[in-house]
Amino acid sequence: MRARVNPIAERSKNWLCNAMLELLQKKPYHDITITELCDQAGLVRKTFYRHFLSKESVIVAVIDSMFEEFYTRIREQNIAPHELPLAYFTYWERHKHFLNMLIENQLFSLLNDHDVLYLKSMDDIIGSKHANLSEMEKEYLLTMMSGGLWSMLKKWIVRGCVESPEEMARMTLHFFI
């Protein structure tokens with residue numbers, strides 16, 4: 001049974017996440033204060049600390065939300081494992097502005113820190129090929145896959161997405177097989 005979601009709490013979290021994204025377009029992450037973030041969201045500091053521990057946790061919440069969106073999309077489209085790289089690069093190409101903000105503010109590593117968790121949650125999609133691996137081997141495999149994808153994604157974004165998502169998917173499949 002799923003826990004009930006408080007719509008007011010969710011709205012406040014969304015406002016804080018949106019406020020962070022708005023502020024990041026105007027100034028560097030390290031110059032943004034919690035007070036400024038709350039003012040931008042139209043909320044008090046107490047509300048911020050009810051939902052987040054730090055400014056970084058707001059960024060993580062944005063990343064988590066994006067992963068949920070991606071995960072829902074690939075579920076609804078019944079994406080096969082060999083189609084995941086194309087879906088991945090197509091999705092992130094639409095969000096390249098956000099990724100550039102992460103890179104510019106030395107926050108891109110947050111994406112990698114959570115990639116392993118995201119890949120683990122997609123085990124039913126990507127895991128069938130690795131069913132004979134031990135749990136330890138699966139952990140290392142997911143770490144290698146997430147690190148590789150993260151590095152390719154960062155290089156691609158820094159290069160200005162010169163290659164198409166199709167070309168990135170082709171290379172990814174070639175490198176990982």
# chains A, B, ... in the order shown; residues from 1 in each chain; ligands from 1

$ residues_around --residues "A:Gln106" --least-positions-apart "5" --cutoff "12 Å" --atoms "only C-alpha atoms" --output "list in words"
Pro28, Tyr29, His30, Glu56, Ile59, Leu99, Asn100, Met101, Leu111 and Lys154 of chain A

$ residues_around --residues "stretch 38-45 of chain A" --least-positions-apart "2" --cutoff "8 Å" --atoms "only C-alpha atoms" --output "PyMOL selection string"
chain A and resi 12+15-16+18-19+23+34-36+47-49

$ closest_residue --among "A:Lys46, A:His82, A:Arg170, A:His97" --to "A:Leu24" --atoms "only C-alpha atoms"
A:His97

$ residues_around --residues "A:Arg73" --least-positions-apart "5" --cutoff "10 Å" --atoms "only C-alpha atoms" --output "PyMOL selection string"
chain A and resi 67-68+78-79+87+91

$ write_last_selection --atoms "N, CA and C atoms" --output "PDB file, in the first residue's frame"
ATOM      1  N   PHE A  67      14.352  11.432 -13.349  1.00  0.00           N
ATOM      2  CA  PHE A  67      14.454   9.990 -13.528  1.00  0.00           C
ATOM      3  C   PHE A  67      13.062   9.355 -13.525  1.00  0.00           C
ATOM      4  N   GLU A  68      12.214   9.784 -12.606  1.00  0.00           N
ATOM      5  CA  GLU A  68      10.850   9.236 -12.553  1.00  0.00           C
ATOM      6  C   GLU A  68      10.130   9.470 -13.875  1.00  0.00           C
ATOM      7  N   ASN A  78       7.131   0.666 -23.402  1.00  0.00           N
ATOM      8  CA  ASN A  78       7.596  -0.721 -23.409  1.00  0.00           C
ATOM      9  C   ASN A  78       8.954  -0.844 -24.124  1.00  0.00           C
ATOM     10  N   ILE A  79       9.898  -0.007 -23.717  1.00  0.00           N
ATOM     11  CA  ILE A  79      11.225   0.050 -24.320  1.00  0.00           C
ATOM     12  C   ILE A  79      11.993  -1.241 -24.016  1.00  0.00           C
ATOM     13  N   ALA A  87      16.712   5.964 -25.940  1.00  0.00           N
ATOM     14  CA  ALA A  87      15.756   6.656 -25.071  1.00  0.00           C
ATOM     15  C   ALA A  87      16.493   7.564 -24.089  1.00  0.00           C
ATOM     16  N   TYR A  91      16.201  11.568 -24.193  1.00  0.00           N
ATOM     17  CA  TYR A  91      15.641  12.241 -23.024  1.00  0.00           C
ATOM     18  C   TYR A  91      16.570  13.363 -22.551  1.00  0.00           C
TER      19      TYR A  91
END

$ residues_around --residues "stretch 93-95 of chain A" --least-positions-apart "4" --cutoff "12 Å" --atoms "only C-alpha atoms" --output "PyMOL selection string"
chain A and resi 62-63+66-67+69-70+86-89+99-102+153-154+156-158+160-166+168

$ closest_residue --among "A:Met136, A:Met20, A:Leu84, A:Met122" --to "A:Thr172" --atoms "only C-alpha atoms"
A:Leu84

$ select_by_dssp --residues "stretch 72-121 of chain A" --states "helix (DSSP H, G or I)" --output "PyMOL selection string"
chain A and resi 72-76+81-94+96-104+109-121

$ residues_around --residues "A:Ala9" --least-positions-apart "3" --cutoff "9 Å" --atoms "only C-alpha atoms" --output "ChimeraX atom specification"
/A:5-6,12-14,47,50-51

$ write_last_selection --atoms "N, CA and C atoms" --output "PDB file, in the first residue's frame"
ATOM      1  N   VAL A   5       0.067  10.875  -0.316  1.00  0.00           N
ATOM      2  CA  VAL A   5       0.890  12.036  -0.600  1.00  0.00           C
ATOM      3  C   VAL A   5       0.102  13.286  -0.224  1.00  0.00           C
ATOM      4  N   ASN A   6       0.740  14.135   0.554  1.00  0.00           N
ATOM      5  CA  ASN A   6       0.135  15.400   0.939  1.00  0.00           C
ATOM      6  C   ASN A   6       0.323  16.376  -0.231  1.00  0.00           C
ATOM      7  N   SER A  12       4.776  22.469  -2.286  1.00  0.00           N
ATOM      8  CA  SER A  12       5.884  23.245  -1.707  1.00  0.00           C
ATOM      9  C   SER A  12       7.231  22.729  -2.216  1.00  0.00           C
ATOM     10  N   LYS A  13       7.394  21.413  -2.255  1.00  0.00           N
ATOM     11  CA  LYS A  13       8.649  20.838  -2.770  1.00  0.00           C
ATOM     12  C   LYS A  13       8.869  21.242  -4.228  1.00  0.00           C
ATOM     13  N   ASN A  14       7.804  21.179  -5.012  1.00  0.00           N
ATOM     14  CA  ASN A  14       7.911  21.569  -6.425  1.00  0.00           C
ATOM     15  C   ASN A  14       8.264  23.045  -6.570  1.00  0.00           C
ATOM     16  N   THR A  47       9.524  25.785   6.030  1.00  0.00           N
ATOM     17  CA  THR A  47       8.983  24.886   5.000  1.00  0.00           C
ATOM     18  C   THR A  47      10.119  24.225   4.229  1.00  0.00           C
ATOM     19  N   ARG A  50      11.533  21.454   6.263  1.00  0.00           N
ATOM     20  CA  ARG A  50      10.588  20.361   6.429  1.00  0.00           C
ATOM     21  C   ARG A  50      10.759  19.349   5.288  1.00  0.00           C
ATOM     22  N   HIS A  51      11.256  19.817   4.144  1.00  0.00           N
ATOM     23  CA  HIS A  51      11.362  18.963   2.959  1.00  0.00           C
ATOM     24  C   HIS A  51      12.796  18.632   2.542  1.00  0.00           C
TER      25      HIS A  51
END

$ atom_distance --atom1 "atom CA of A:Tyr140" --atom2 "atom CA of A:Tyr118"
14.3 Å
